[in-house]
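Have a look at my_file.cif below; it lists mmCIF, C-alpha atoms.
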data_input
#
loop_
_atom_site.group_PDB
_atom_site.id
_atom_site.type_symbol
_atom_site.label_atom_id
_atom_site.label_comp_id
_atom_site.auth_asym_id
_atom_site.auth_seq_id
_atom_site.Cartn_x
_atom_site.Cartn_y
_atom_site.Cartn_z
ATOM 1 C CA MET A 1 31.232 42.183 -70.428
ATOM 2 C CA ILE A 2 28.297 44.415 -69.638
ATOM 3 C CA GLY A 3 28.117 46.231 -66.298
ATOM 4 C CA PHE A 4 24.890 46.768 -64.362
ATOM 5 C CA PRO A 5 25.651 48.763 -61.165
ATOM 6 C CA VAL A 6 23.040 48.590 -58.408
ATOM 7 C CA ASP A 7 24.628 50.792 -55.746
ATOM 8 C CA GLU A 8 21.903 53.433 -56.235
ATOM 9 C CA LEU A 9 19.045 50.930 -56.412
ATOM 10 C CA LEU A 10 18.709 49.892 -52.799
ATOM 11 C CA SER A 11 15.010 50.594 -52.243
ATOM 12 C CA GLU A 12 11.705 49.975 -53.991
ATOM 13 C CA GLU A 13 11.242 53.703 -54.607
ATOM 14 C CA GLU A 14 14.696 54.035 -56.191
ATOM 15 C CA CYS A 15 14.120 50.959 -58.364
ATOM 16 C CA TYR A 16 10.742 52.298 -59.484
ATOM 17 C CA ARG A 17 12.169 55.697 -60.402
ATOM 18 C CA TYR A 18 15.058 54.016 -62.227
ATOM 19 C CA LEU A 19 12.707 51.865 -64.311
ATOM 20 C CA LYS A 20 10.349 54.765 -65.019
ATOM 21 C CA ARG A 21 13.239 57.013 -66.045
ATOM 22 C CA SER A 22 14.790 54.311 -68.260
ATOM 23 C CA LEU A 23 11.653 52.992 -69.925
ATOM 24 C CA HIS A 24 9.958 56.357 -70.397
ATOM 25 C CA PRO A 25 12.642 59.041 -70.834
ATOM 26 C CA GLU A 26 10.181 61.308 -72.672
ATOM 27 C CA GLY A 27 7.407 60.936 -70.125
ATOM 28 C CA LEU A 28 4.572 58.503 -69.575
ATOM 29 C CA PHE A 29 1.903 57.976 -72.242
ATOM 30 C CA CYS A 30 -1.259 55.887 -72.259
ATOM 31 C CA PRO A 31 -1.514 52.898 -74.677
ATOM 32 C CA ASN A 32 -3.297 55.168 -77.177
ATOM 33 C CA GLY A 33 -0.526 57.764 -77.156
ATOM 34 C CA HIS A 34 -2.050 60.408 -74.878
ATOM 35 C CA GLU A 35 0.514 62.110 -72.633
ATOM 36 C CA LEU A 36 0.125 61.932 -68.871
ATOM 37 C CA PRO A 37 -0.057 65.444 -67.341
ATOM 38 C CA ASP A 38 2.600 66.103 -64.701
ATOM 39 C CA ASP A 39 -0.042 67.098 -62.140
ATOM 40 C CA GLN A 40 -2.332 64.079 -62.607
ATOM 41 C CA ALA A 41 -2.835 61.961 -59.497
ATOM 42 C CA PRO A 42 -2.666 58.146 -59.703
ATOM 43 C CA HIS A 43 -5.861 56.182 -60.238
ATOM 44 C CA ASP A 44 -4.796 53.202 -58.076
ATOM 45 C CA ARG A 45 -2.123 53.226 -55.318
ATOM 46 C CA ARG A 46 -2.637 49.720 -53.919
ATOM 47 C CA ARG A 47 0.740 48.499 -55.250
ATOM 48 C CA THR A 48 2.786 51.579 -54.337
ATOM 49 C CA PRO A 49 5.358 52.499 -55.587
ATOM 50 C CA ILE A 50 3.852 50.954 -58.747
ATOM 51 C CA VAL A 51 0.755 53.074 -59.392
ATOM 52 C CA ASP A 52 -1.878 52.979 -62.123
ATOM 53 C CA TYR A 53 -3.127 56.027 -64.019
ATOM 54 C CA ARG A 54 -6.366 56.540 -65.930
ATOM 55 C CA CYS A 55 -6.089 58.537 -69.143
ATOM 56 C CA ARG A 56 -8.276 61.646 -69.146
ATOM 57 C CA GLU A 57 -8.660 61.409 -72.928
ATOM 58 C CA CYS A 58 -9.629 57.772 -73.544
ATOM 59 C CA GLY A 59 -10.094 56.277 -70.070
ATOM 60 C CA ALA A 60 -7.357 53.629 -70.479
ATOM 61 C CA VAL A 61 -5.731 52.437 -67.247
ATOM 62 C CA PHE A 62 -1.947 51.989 -67.446
ATOM 63 C CA ASN A 63 1.340 52.062 -65.546
ATOM 64 C CA ILE A 64 5.041 52.141 -66.420
ATOM 65 C CA PHE A 65 4.998 48.448 -67.462
ATOM 66 C CA THR A 66 2.029 48.610 -69.819
ATOM 67 C CA GLY A 67 3.076 47.505 -73.302
ATOM 68 C CA THR A 68 6.244 45.753 -72.098
ATOM 69 C CA VAL A 69 7.116 42.156 -71.247
ATOM 70 C CA TRP A 70 6.415 43.081 -67.601
ATOM 71 C CA SER A 71 2.804 44.028 -68.261
ATOM 72 C CA LYS A 72 0.487 42.782 -65.472
ATOM 73 C CA THR A 73 3.446 41.484 -63.480
ATOM 74 C CA HIS A 74 3.150 41.064 -59.716
ATOM 75 C CA TYR A 75 6.889 41.476 -59.125
ATOM 76 C CA ASP A 76 8.158 44.442 -57.132
ATOM 77 C CA PRO A 77 10.426 46.989 -58.869
ATOM 78 C CA SER A 78 13.497 45.675 -57.053
ATOM 79 C CA THR A 79 12.749 42.126 -58.233
ATOM 80 C CA ILE A 80 12.385 43.312 -61.822
ATOM 81 C CA VAL A 81 15.674 45.233 -61.648
ATOM 82 C CA MET A 82 17.554 42.240 -60.246
ATOM 83 C CA LEU A 83 16.061 39.882 -62.838
ATOM 84 C CA LEU A 84 17.001 42.240 -65.681
ATOM 85 C CA ARG A 85 20.495 42.491 -64.250
ATOM 86 C CA GLY A 86 20.757 38.702 -63.983
ATOM 87 C CA PHE A 87 19.525 38.139 -67.518
ATOM 88 C CA ALA A 88 21.937 40.728 -68.936
ATOM 89 C CA LYS A 89 24.925 39.241 -67.102
ATOM 90 C CA GLY A 90 24.038 35.635 -67.958
ATOM 91 C CA VAL A 91 23.144 34.397 -64.463
ATOM 92 C CA PRO A 92 21.389 30.996 -64.695
ATOM 93 C CA THR A 93 17.662 30.986 -64.028
ATOM 94 C CA LYS A 94 17.971 28.397 -61.239
ATOM 95 C CA GLN A 95 20.470 30.580 -59.398
ATOM 96 C CA LEU A 96 18.205 33.629 -59.681
ATOM 97 C CA THR A 97 15.114 31.804 -58.447
ATOM 98 C CA ASP A 98 16.980 30.239 -55.520
ATOM 99 C CA GLU A 99 18.469 33.556 -54.412
ATOM 100 C CA MET A 100 15.229 35.516 -54.801
ATOM 101 C CA ASP A 101 12.757 32.803 -53.747
ATOM 102 C CA LEU A 102 10.810 32.919 -57.027
ATOM 103 C CA ALA A 103 9.016 30.268 -59.055
ATOM 104 C CA TYR A 104 11.399 28.761 -61.609
ATOM 105 C CA PRO A 105 8.869 28.177 -64.456
ATOM 106 C CA SER A 106 7.568 31.745 -64.436
ATOM 107 C CA VAL A 107 11.053 33.289 -64.366
ATOM 108 C CA LEU A 108 12.259 30.994 -67.161
ATOM 109 C CA LYS A 109 9.243 31.945 -69.275
ATOM 110 C CA ARG A 110 9.930 35.622 -68.612
ATOM 111 C CA ARG A 111 13.583 35.144 -69.547
ATOM 112 C CA HIS A 112 12.650 33.597 -72.882
ATOM 113 C CA ARG A 113 10.277 36.490 -73.632
ATOM 114 C CA ILE A 114 13.010 39.017 -72.884
ATOM 115 C CA GLN A 115 15.544 37.151 -75.004
ATOM 116 C CA GLU A 116 13.061 37.041 -77.872
ATOM 117 C CA ALA A 117 12.586 40.804 -77.536
ATOM 118 C CA VAL A 118 16.355 41.344 -77.655
ATOM 119 C CA GLN A 119 16.639 39.067 -80.667
ATOM 120 C CA GLN A 120 13.887 40.903 -82.541
ATOM 121 C CA GLY A 121 15.578 44.237 -81.855
ATOM 122 C CA GLN A 122 19.093 43.212 -82.901
ATOM 123 C CA ARG A 123 18.980 45.332 -86.048
ATOM 124 C CA VAL A 124 17.867 48.683 -84.654
ATOM 125 C CA GLY A 125 21.376 50.125 -84.611
ATOM 126 C CA LEU A 126 21.822 51.308 -81.027
ATOM 127 C CA PRO A 127 24.982 53.260 -80.132
ATOM 128 C CA GLY A 128 27.928 50.937 -79.583
ATOM 129 C CA GLU A 129 26.792 48.150 -81.884
ATOM 130 C CA ALA A 130 26.371 47.314 -85.544
ATOM 131 C CA PRO A 131 23.916 49.549 -87.428
ATOM 132 C CA LYS A 132 20.894 48.249 -89.301
ATOM 133 C CA ASP A 133 22.846 47.383 -92.442
ATOM 134 C CA GLY A 134 25.419 45.251 -90.580
ATOM 135 C CA LEU A 135 29.041 45.657 -89.528
ATOM 136 C CA PRO A 136 30.569 48.723 -91.245
ATOM 137 C CA ASP A 137 34.169 47.521 -90.905
ATOM 138 C CA PRO A 138 36.299 47.126 -94.040
ATOM 139 C CA GLU A 139 37.815 43.979 -92.482
ATOM 140 C CA VAL A 140 35.681 41.337 -90.745
ATOM 141 C CA GLU A 141 36.589 37.965 -89.279
ATOM 142 C CA ALA A 142 34.037 35.153 -89.666
ATOM 143 C CA ASP A 143 33.972 31.710 -88.106
ATOM 144 C CA GLU A 144 31.534 29.056 -86.874
ATOM 145 C CA MET A 145 31.015 27.395 -83.514
ATOM 146 C CA TYR A 146 28.967 24.235 -82.958
ATOM 147 C CA GLN A 147 26.942 24.123 -79.757
ATOM 148 C CA ASN A 148 25.410 20.990 -78.303
ATOM 149 C CA ALA A 149 21.758 21.940 -77.819
ATOM 150 C CA GLY A 150 18.974 19.369 -77.815
ATOM 151 C CA GLU A 151 15.404 19.511 -76.573
ATOM 152 C CA LYS A 152 15.961 20.179 -72.883
ATOM 153 C CA ARG A 153 12.979 19.366 -70.622
ATOM 154 C CA LYS A 154 10.913 18.160 -73.568
ATOM 155 C CA PRO A 155 9.415 14.710 -72.832
ATOM 156 C CA HIS A 156 10.214 11.991 -75.396
ATOM 157 C CA ARG A 157 7.274 9.616 -75.102
ATOM 158 C CA ASN A 158 7.764 8.152 -78.583
ATOM 159 C CA LEU A 159 10.011 5.074 -78.343
ATOM 160 C CA ASP A 160 11.273 5.792 -81.863
ATOM 161 C CA ASP A 161 12.423 9.248 -80.741
ATOM 162 C CA PRO A 162 14.504 8.717 -77.596
ATOM 163 C CA PRO A 163 16.354 11.625 -75.990
ATOM 164 C CA ARG A 164 19.991 11.856 -77.022
ATOM 165 C CA GLN A 165 22.793 11.137 -74.586
ATOM 166 C CA ARG A 166 24.505 14.046 -72.853
ATOM 167 C CA ALA A 167 27.664 13.906 -74.990
ATOM 168 C CA ASN A 168 26.586 14.482 -78.594
ATOM 169 C CA LYS A 169 29.081 12.574 -80.717
ATOM 170 C CA ALA A 170 27.325 12.944 -84.064
ATOM 171 C CA ARG A 171 29.793 12.671 -86.958
ATOM 172 C CA GLY A 172 30.393 15.488 -89.397
ATOM 173 C CA ARG A 173 29.508 19.152 -89.131
ATOM 174 C CA GLY A 174 26.848 20.142 -86.671
ATOM 175 C CA THR A 175 23.346 21.070 -87.829
ATOM 176 C CA TYR A 176 20.095 22.054 -86.186
ATOM 177 C CA GLU A 177 18.680 18.597 -86.939
ATOM 178 C CA ASN A 178 21.479 16.625 -85.219
ATOM 179 C CA ASP A 179 21.300 18.841 -82.103
ATOM 180 C CA ARG A 180 24.554 20.691 -82.778
ATOM 181 C CA PRO A 181 23.339 24.011 -84.201
ATOM 182 C CA PRO A 182 26.115 26.137 -85.719
ATOM 183 C CA VAL A 183 26.599 29.705 -84.530
ATOM 184 C CA LEU A 184 28.091 31.948 -87.202
ATOM 185 C CA GLY A 185 30.050 34.797 -85.655
ATOM 186 C CA MET A 186 31.471 37.933 -87.267
ATOM 187 C CA VAL A 187 33.603 40.605 -85.625
ATOM 188 C CA GLY A 188 34.824 43.865 -87.141
ATOM 189 C CA ARG A 189 38.519 44.562 -86.764
ATOM 190 C CA GLU A 190 38.032 48.336 -86.697
ATOM 191 C CA THR A 191 35.007 48.838 -84.421
ATOM 192 C CA GLY A 192 35.271 45.649 -82.385
ATOM 193 C CA TRP A 193 31.531 45.106 -82.804
ATOM 194 C CA ALA A 194 30.380 41.525 -83.192
ATOM 195 C CA CYS A 195 27.233 39.768 -84.318
ATOM 196 C CA PHE A 196 26.233 36.142 -83.904
ATOM 197 C CA ARG A 197 23.559 34.183 -85.759
ATOM 198 C CA VAL A 198 22.333 30.655 -85.048
ATOM 199 C CA CYS A 199 22.020 28.800 -88.367
ATOM 200 C CA VAL A 200 20.391 25.523 -89.390
ATOM 201 C CA ASP A 201 23.607 24.369 -91.112
ATOM 202 C CA THR A 202 26.860 25.652 -92.592
ATOM 203 C CA LYS A 203 26.142 25.073 -96.256
ATOM 204 C CA GLU A 204 27.385 27.702 -98.700
ATOM 205 C CA GLU A 205 23.901 29.127 -99.270
ATOM 206 C CA THR A 206 23.303 29.571 -95.525
ATOM 207 C CA ILE A 207 26.727 31.129 -94.913
ATOM 208 C CA ARG A 208 26.373 33.436 -97.904
ATOM 209 C CA ARG A 209 22.971 34.724 -96.878
ATOM 210 C CA THR A 210 24.101 35.427 -93.318
ATOM 211 C CA VAL A 211 27.460 37.030 -94.116
ATOM 212 C CA ALA A 212 25.981 39.173 -96.896
ATOM 213 C CA GLY A 213 23.309 40.450 -94.536
ATOM 214 C CA GLU A 214 25.708 41.418 -91.751
ATOM 215 C CA THR A 215 28.744 42.935 -93.494
ATOM 216 C CA ALA A 216 29.486 45.880 -95.769
ATOM 217 C CA GLU A 217 29.396 45.272 -99.515
ATOM 218 C CA GLU A 218 33.115 45.990 -100.022
ATOM 219 C CA ALA A 219 34.324 44.215 -96.872
ATOM 220 C CA CYS A 220 37.254 41.828 -96.802
ATOM 221 C CA ILE A 221 36.198 38.675 -94.948
ATOM 222 C CA PHE A 222 38.907 36.741 -93.078
ATOM 223 C CA THR A 223 38.054 33.036 -92.691
ATOM 224 C CA ASP A 224 39.619 29.635 -92.175
ATOM 225 C CA GLU A 225 39.777 26.941 -94.868
ATOM 226 C CA ASN A 226 36.009 26.252 -94.815
ATOM 227 C CA ARG A 227 34.847 25.768 -98.404
ATOM 228 C CA SER A 228 31.472 27.331 -97.603
ATOM 229 C CA TYR A 229 33.173 30.709 -98.118
ATOM 230 C CA LEU A 230 34.357 30.002 -101.678
ATOM 231 C CA TRP A 231 31.607 32.268 -103.038
ATOM 232 C CA LEU A 232 33.647 35.210 -101.716
ATOM 233 C CA GLU A 233 36.314 34.423 -104.336
ATOM 234 C CA SER A 234 33.911 34.859 -107.235
ATOM 235 C CA GLU A 235 34.663 37.752 -109.611
ATOM 236 C CA LYS A 236 31.001 38.815 -109.395
ATOM 237 C CA GLU A 237 31.140 39.192 -105.601
ATOM 238 C CA SER A 238 31.877 42.671 -104.230
ATOM 239 C CA ARG A 239 33.294 41.251 -100.998
ATOM 240 C CA SER A 240 36.697 39.568 -100.927
ATOM 241 C CA ARG A 241 38.173 36.738 -98.908
ATOM 242 C CA ARG A 242 41.492 36.086 -97.233
ATOM 243 C CA ALA A 243 41.689 32.601 -95.747
ATOM 244 C CA VAL A 244 44.300 31.377 -93.286
ATOM 245 C CA ASP A 245 45.792 27.943 -93.866
ATOM 246 C CA HIS A 246 45.888 26.426 -90.401
ATOM 247 C CA SER A 247 48.211 23.675 -91.575
ATOM 248 C CA ARG A 248 50.869 26.405 -91.745
ATOM 249 C CA GLY A 249 50.012 28.030 -88.442
ATOM 250 C CA TRP A 250 47.427 30.241 -86.765
ATOM 251 C CA ALA A 251 48.366 33.391 -88.683
ATOM 252 C CA GLU A 252 50.180 34.277 -91.908
ATOM 253 C CA ASP A 253 52.159 37.255 -93.188
ATOM 254 C CA ARG A 254 51.667 37.095 -96.945
ATOM 255 C CA ASP A 255 52.708 40.655 -97.802
ATOM 256 C CA GLU A 256 55.955 40.295 -95.809
ATOM 257 C CA ASP A 257 55.490 43.497 -93.825
ATOM 258 C CA GLY A 258 56.238 41.811 -90.508
ATOM 259 C CA ILE A 259 52.563 41.681 -89.456
ATOM 260 C CA ARG A 260 50.718 38.361 -89.614
ATOM 261 C CA GLU A 261 47.352 39.843 -90.583
ATOM 262 C CA ILE A 262 45.766 36.701 -92.078
ATOM 263 C CA HIS A 263 44.018 35.072 -89.111
ATOM 264 C CA VAL A 264 40.681 34.551 -87.352
ATOM 265 C CA ASN A 265 42.105 34.582 -83.840
ATOM 266 C CA THR A 266 39.787 37.371 -82.645
ATOM 267 C CA ILE A 267 36.528 35.570 -83.367
ATOM 268 C CA GLU A 268 37.948 32.225 -82.217
ATOM 269 C CA GLY A 269 38.865 33.816 -78.899
ATOM 270 C CA ILE A 270 35.303 35.097 -78.510
ATOM 271 C CA TRP A 271 33.969 31.541 -78.752
ATOM 272 C CA THR A 272 35.553 30.823 -75.373
ATOM 273 C CA SER A 273 33.463 33.562 -73.768
ATOM 274 C CA LEU A 274 30.264 32.349 -75.440
ATOM 275 C CA ARG A 275 30.882 28.725 -74.447
ATOM 276 C CA ASN A 276 31.612 29.730 -70.853
ATOM 277 C CA ARG A 277 28.364 31.719 -70.723
ATOM 278 C CA LEU A 278 26.248 28.883 -72.162
ATOM 279 C CA ARG A 279 27.944 26.265 -69.977
ATOM 280 C CA ARG A 280 26.493 27.899 -66.856
ATOM 281 C CA PHE A 281 22.979 26.916 -67.945
ATOM 282 C CA ARG A 282 23.718 23.176 -67.944
ATOM 283 C CA GLY A 283 22.170 22.790 -71.377
ATOM 284 C CA VAL A 284 19.967 24.984 -73.567
ATOM 285 C CA HIS A 285 16.981 23.968 -75.704
ATOM 286 C CA LYS A 286 17.930 24.492 -79.348
ATOM 287 C CA ASP A 287 14.693 26.401 -79.988
ATOM 288 C CA HIS A 288 15.833 29.023 -77.443
ATOM 289 C CA LEU A 289 19.557 28.989 -78.285
ATOM 290 C CA SER A 290 19.288 32.033 -80.563
ATOM 291 C CA GLY A 291 17.844 34.035 -77.653
ATOM 292 C CA TYR A 292 20.730 33.169 -75.336
ATOM 293 C CA VAL A 293 23.192 34.023 -78.117
ATOM 294 C CA ALA A 294 21.408 37.346 -78.713
ATOM 295 C CA MET A 295 21.830 38.233 -75.027
ATOM 296 C CA PHE A 296 25.521 37.387 -75.286
ATOM 297 C CA GLU A 297 25.828 39.707 -78.294
ATOM 298 C CA LEU A 298 24.148 42.510 -76.363
ATOM 299 C CA ALA A 299 26.494 42.014 -73.402
ATOM 300 C CA PHE A 300 29.576 41.729 -75.623
ATOM 301 C CA ASN A 301 28.913 44.950 -77.551
ATOM 302 C CA HIS A 302 28.217 47.162 -74.522
ATOM 303 C CA ASP A 303 30.178 48.086 -71.415
ATOM 304 C CA GLN A 304 27.245 49.429 -69.382
ATOM 305 C CA ILE A 305 23.493 49.019 -69.326
ATOM 306 C CA THR A 306 21.652 52.005 -70.801
ATOM 307 C CA PRO A 307 18.009 53.102 -71.003
ATOM 308 C CA ALA A 308 17.979 52.108 -74.686
ATOM 309 C CA LEU A 309 19.136 48.596 -73.816
ATOM 310 C CA LEU A 310 16.563 48.258 -71.038
ATOM 311 C CA GLN A 311 13.858 49.351 -73.440
ATOM 312 C CA ARG A 312 14.986 46.676 -75.882
ATOM 313 C CA MET A 313 15.021 43.995 -73.175
ATOM 314 C CA CYS A 314 11.511 44.995 -72.117
ATOM 315 C CA GLY A 315 10.194 44.738 -75.674
ATOM 316 C CA MET A 316 9.606 48.442 -76.254
#
The structure in this file should be written as C-alpha cells.
Amino acid sequence: MIGFPVDELLSEEECYRYLKRSLHPEGLFCPNGHELPDDQAPHDRRRTPIVDYRCRECGAVFNIFTGTVWSKTHYDPSTIVMLLRGFAKGVPTKQLTDEMDLAYPSVLKRRHRIQEAVQQGQRVGLPGEAPKDGLPDPEVEADEMYQNAGEKRKPHRNLDDPPRQRANKARGRGTYENDRPPVLGMVGRETGWACFRVCVDTKEETIRRTVAGETAEEACIFTDENRSYLWLESEKESRSRRAVDHSRGWAEDRDEDGIREIHVNTIEGIWTSLRNRLRRFRGVHKDHLSGYVAMFELAFNHDQITPALLQRMCGM
C-alpha cells in the first residue's frame, strides 16, 4: 500500500515548504492566474509560516491553500500533512482526532471533501494508474464485493423507518437500497492496475455500463459464473469472456498447457485488503462509501505519495 514518509517533515517550516512545493510545482499564482514574482514580499505574516500575498495585478489576496479543500483553514502545515497522510493510509478519523487533539466533526467533514475530490479525479490518468479510457490490459479480472453500509449517524425519527441491526442479513444479492452496496472491481493482469466502482446493483445493465467504461474494447474479461456478464458472450460485443466454474475448483486449465489461467483469484484476493481497510472505520455511511473506495484505489495503485496525488487529494 501507499507510502508517505515524514522523516523530512519534522517542523512547521519543512511542512510548509513541502506543501508549497507539491501543490504549486510551477510557482504560485493568484486566483485570477497572475504569477507571483519571486521578489514579492508577503502581504500578511500573522500565521507564519503560512503567509498571504496580494496580487499586484488584480489585488486578490491568496496563499498556498487558496482554491483547494484547505482554503481558509486554521490548521498548521504539520497538521495538514499528518491528516493527508492519515487519509491516504486509511487511518480512522477517530484515531486521528484523538492523537492530534482535533475536533472530530470538522476532520470528518474535511475527509469527505478530500475523498470526493479523489473520486472526481479518478479518470485523469496519472502515472501508475489506469488512463482516462480505462484499463489498457488485454486481460482483466472482474468481480463484485458486497459491503454492509447503512446510514451511519443519521437519526431515524420515523417509526416506519427504523435503523437496521448491525448484522445485515438481507436475502439475495446486495443493493444500494438494502444497505449492501456492491463494489465492482477490475484488475489488469498485465499492468496490475485496479479500479473499483460502487454500484446501485449488479444487474446486467449496471455491470455492462461499468465494465465497458473501464476496460479496453478488445479485452478478455475473466469472471465467475455470474449471469450478469452474459452480454460479453454476444457476437456483437468486441470484448470476450472466460468464466471459471467454481464447482470444479478455483482455477481451470482449458487449453491443457499446464497453466490454470481461467480464474479471478487476483481480484478476489484484493477484496481482503479492501474489507480490512473499511473494517477499521467501524461502519461507513453508504452515501460516502464510494469516497472511501476511491481512496483505497489511489493507495492500491501507487507505492509512494507524489505531488500529483497530493494535488488530487486537495482538489486541484
Let me know the residues the PyMOL selection byres ((chain A and resi 35-48) around 12) catches in the file above, as a ChimeraX atom specification.
/A:12-13,16-17,24,26-34,49-64,72-77
Have a look at atom CA of A:Arg189 and atom CA of A:Arg277 and let me know their distance in Å, one decimal.
22.9 Å
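Of the residues listed (A:Ile262, A:Leu23, A:Ala216, A:Val198), A:Val198 shows the shortest atom-to-atom separation from A:Gln119; distances use all atoms listed in the file.
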Separating atom CA of A:Ser11 from atom CA of A:Met100, to the nearest tenth of an Å, is a gap of 15.3 Å
Hits from the PyMOL selection byres ((chain A and resi 292) around 9), listed as JSON, numbers by chain
{"A": [90, 112, 115, 116, 119, 278, 284, 288, 289, 290, 291, 293, 294, 295, 296, 297]}
So, counting all atoms listed in the file, which residue among A:Leu108, A:Gly3, A:Asp143, A:Phe281 is closest to A:Arg227?
A:Asp143
Chain and number of each residue from the PyMOL selection byres ((chain A and resi 107) around 12), as a count of residues only:
32
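Atom CA of A:Ile305 to atom CA of A:Arg85 spans 8.8 Å [interatomic distance, one decimal].
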From the set A:Met313, A:Val211, A:Val264, A:Cys199, which residue has the shortest atom-to-atom contact distance to A:Val118, counting all atoms listed in the file?
A:Met313
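Using all atoms listed in the file, the shortest contact distance between A:Arg312 and any of A:Ala243, A:Ala88, A:Val140, A:Met145 is found at A:Ala88.
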Identify the residues within 10 Å of coordinate (29.7, 29.2, -87.1) (same frame as the file), considering only C-alpha atoms, and give the answer as a ChimeraX atom specification.
/A:142-147,174,181-186,196-199,201-202,207,271
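By chain and then residue number, the residues within 6 Å of A:Phe222 are Glu141, Arg241, Arg242 and Ala243 of chain A, counting all atoms listed in the file and disregarding those fewer than 2 positions away in sequence.
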Residue nearest A:Lys203 - candidates A:Thr175, A:Glu190, A:Arg180, A:Ala219, atoms counted: only C-alpha atoms:
A:Thr175
Stretch 228-244 of chain A: axis-aligned bounding box, 5 Å on each side, centre and edge lengths in Å, one decimal, as lines of an AutoDock Vina configuration file:
center_x = 37.7
center_y = 35.0
center_z = -101.4
size_x = 23.3
size_y = 25.3
size_z = 26.3
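Using only C-alpha atoms for every distance, the candidate list A:Ser273, A:Ser71, A:Asn226, A:Asn301 yields A:Asn301 as the residue closest to A:Gly192.
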As a PDB file, keeping the file's coordinate frame, please: stretch 194-200 of chain A completed to all heavy atoms.
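New file selection.pdb:
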ATOM      1  N   ALA A 194      30.546  42.915 -82.771  1.00  0.00           N
ATOM      2  CA  ALA A 194      30.380  41.525 -83.192  1.00  0.00           C
ATOM      3  C   ALA A 194      28.907  41.207 -83.345  1.00  0.00           C
ATOM      4  O   ALA A 194      28.052  41.824 -82.704  1.00  0.00           O
ATOM      5  CB  ALA A 194      31.028  40.578 -82.182  1.00  0.00           C
ATOM      6  N   CYS A 195      28.604  40.271 -84.202  1.00  0.00           N
ATOM      7  CA  CYS A 195      27.233  39.768 -84.318  1.00  0.00           C
ATOM      8  C   CYS A 195      27.298  38.258 -84.456  1.00  0.00           C
ATOM      9  O   CYS A 195      28.257  37.708 -85.012  1.00  0.00           O
ATOM     10  CB  CYS A 195      26.495  40.412 -85.497  1.00  0.00           C
ATOM     11  SG  CYS A 195      27.189  40.049 -87.118  1.00  0.00           S
ATOM     12  N   PHE A 196      26.277  37.591 -83.940  1.00  0.00           N
ATOM     13  CA  PHE A 196      26.233  36.142 -83.904  1.00  0.00           C
ATOM     14  C   PHE A 196      24.852  35.678 -84.357  1.00  0.00           C
ATOM     15  O   PHE A 196      23.840  36.209 -83.890  1.00  0.00           O
ATOM     16  CB  PHE A 196      26.513  35.618 -82.489  1.00  0.00           C
ATOM     17  CG  PHE A 196      27.767  36.184 -81.884  1.00  0.00           C
ATOM     18  CD1 PHE A 196      27.732  37.342 -81.118  1.00  0.00           C
ATOM     19  CD2 PHE A 196      28.984  35.569 -82.092  1.00  0.00           C
ATOM     20  CE1 PHE A 196      28.874  37.881 -80.568  1.00  0.00           C
ATOM     21  CE2 PHE A 196      30.150  36.103 -81.543  1.00  0.00           C
ATOM     22  CZ  PHE A 196      30.098  37.256 -80.784  1.00  0.00           C
ATOM     23  N   ARG A 197      24.816  34.689 -85.249  1.00  0.00           N
ATOM     24  CA  ARG A 197      23.559  34.183 -85.759  1.00  0.00           C
ATOM     25  C   ARG A 197      23.545  32.665 -85.694  1.00  0.00           C
ATOM     26  O   ARG A 197      24.455  32.009 -86.205  1.00  0.00           O
ATOM     27  CB  ARG A 197      23.330  34.647 -87.204  1.00  0.00           C
ATOM     28  CG  ARG A 197      23.264  36.161 -87.375  1.00  0.00           C
ATOM     29  CD  ARG A 197      22.033  36.752 -86.711  1.00  0.00           C
ATOM     30  NE  ARG A 197      21.987  38.206 -86.861  1.00  0.00           N
ATOM     31  CZ  ARG A 197      22.418  39.062 -85.951  1.00  0.00           C
ATOM     32  NH1 ARG A 197      22.976  38.605 -84.832  1.00  0.00           N
ATOM     33  NH2 ARG A 197      22.333  40.368 -86.136  1.00  0.00           N
ATOM     34  N   VAL A 198      22.510  32.103 -85.080  1.00  0.00           N
ATOM     35  CA  VAL A 198      22.333  30.655 -85.048  1.00  0.00           C
ATOM     36  C   VAL A 198      21.775  30.221 -86.395  1.00  0.00           C
ATOM     37  O   VAL A 198      20.771  30.771 -86.859  1.00  0.00           O
ATOM     38  CB  VAL A 198      21.391  30.241 -83.914  1.00  0.00           C
ATOM     39  CG1 VAL A 198      21.154  28.728 -83.928  1.00  0.00           C
ATOM     40  CG2 VAL A 198      21.966  30.668 -82.564  1.00  0.00           C
ATOM     41  N   CYS A 199      22.410  29.259 -87.037  1.00  0.00           N
ATOM     42  CA  CYS A 199      22.020  28.800 -88.367  1.00  0.00           C
ATOM     43  C   CYS A 199      21.566  27.340 -88.318  1.00  0.00           C
ATOM     44  O   CYS A 199      21.883  26.611 -87.376  1.00  0.00           O
ATOM     45  CB  CYS A 199      23.182  28.935 -89.350  1.00  0.00           C
ATOM     46  SG  CYS A 199      23.879  30.604 -89.467  1.00  0.00           S
ATOM     47  N   VAL A 200      20.842  26.914 -89.333  1.00  0.00           N
ATOM     48  CA  VAL A 200      20.391  25.523 -89.390  1.00  0.00           C
ATOM     49  C   VAL A 200      21.514  24.608 -89.860  1.00  0.00           C
ATOM     50  O   VAL A 200      21.530  23.415 -89.538  1.00  0.00           O
ATOM     51  CB  VAL A 200      19.161  25.369 -90.319  1.00  0.00           C
ATOM     52  CG1 VAL A 200      17.976  26.116 -89.745  1.00  0.00           C
ATOM     53  CG2 VAL A 200      19.467  25.878 -91.725  1.00  0.00           C
TER      54      VAL A 200
END
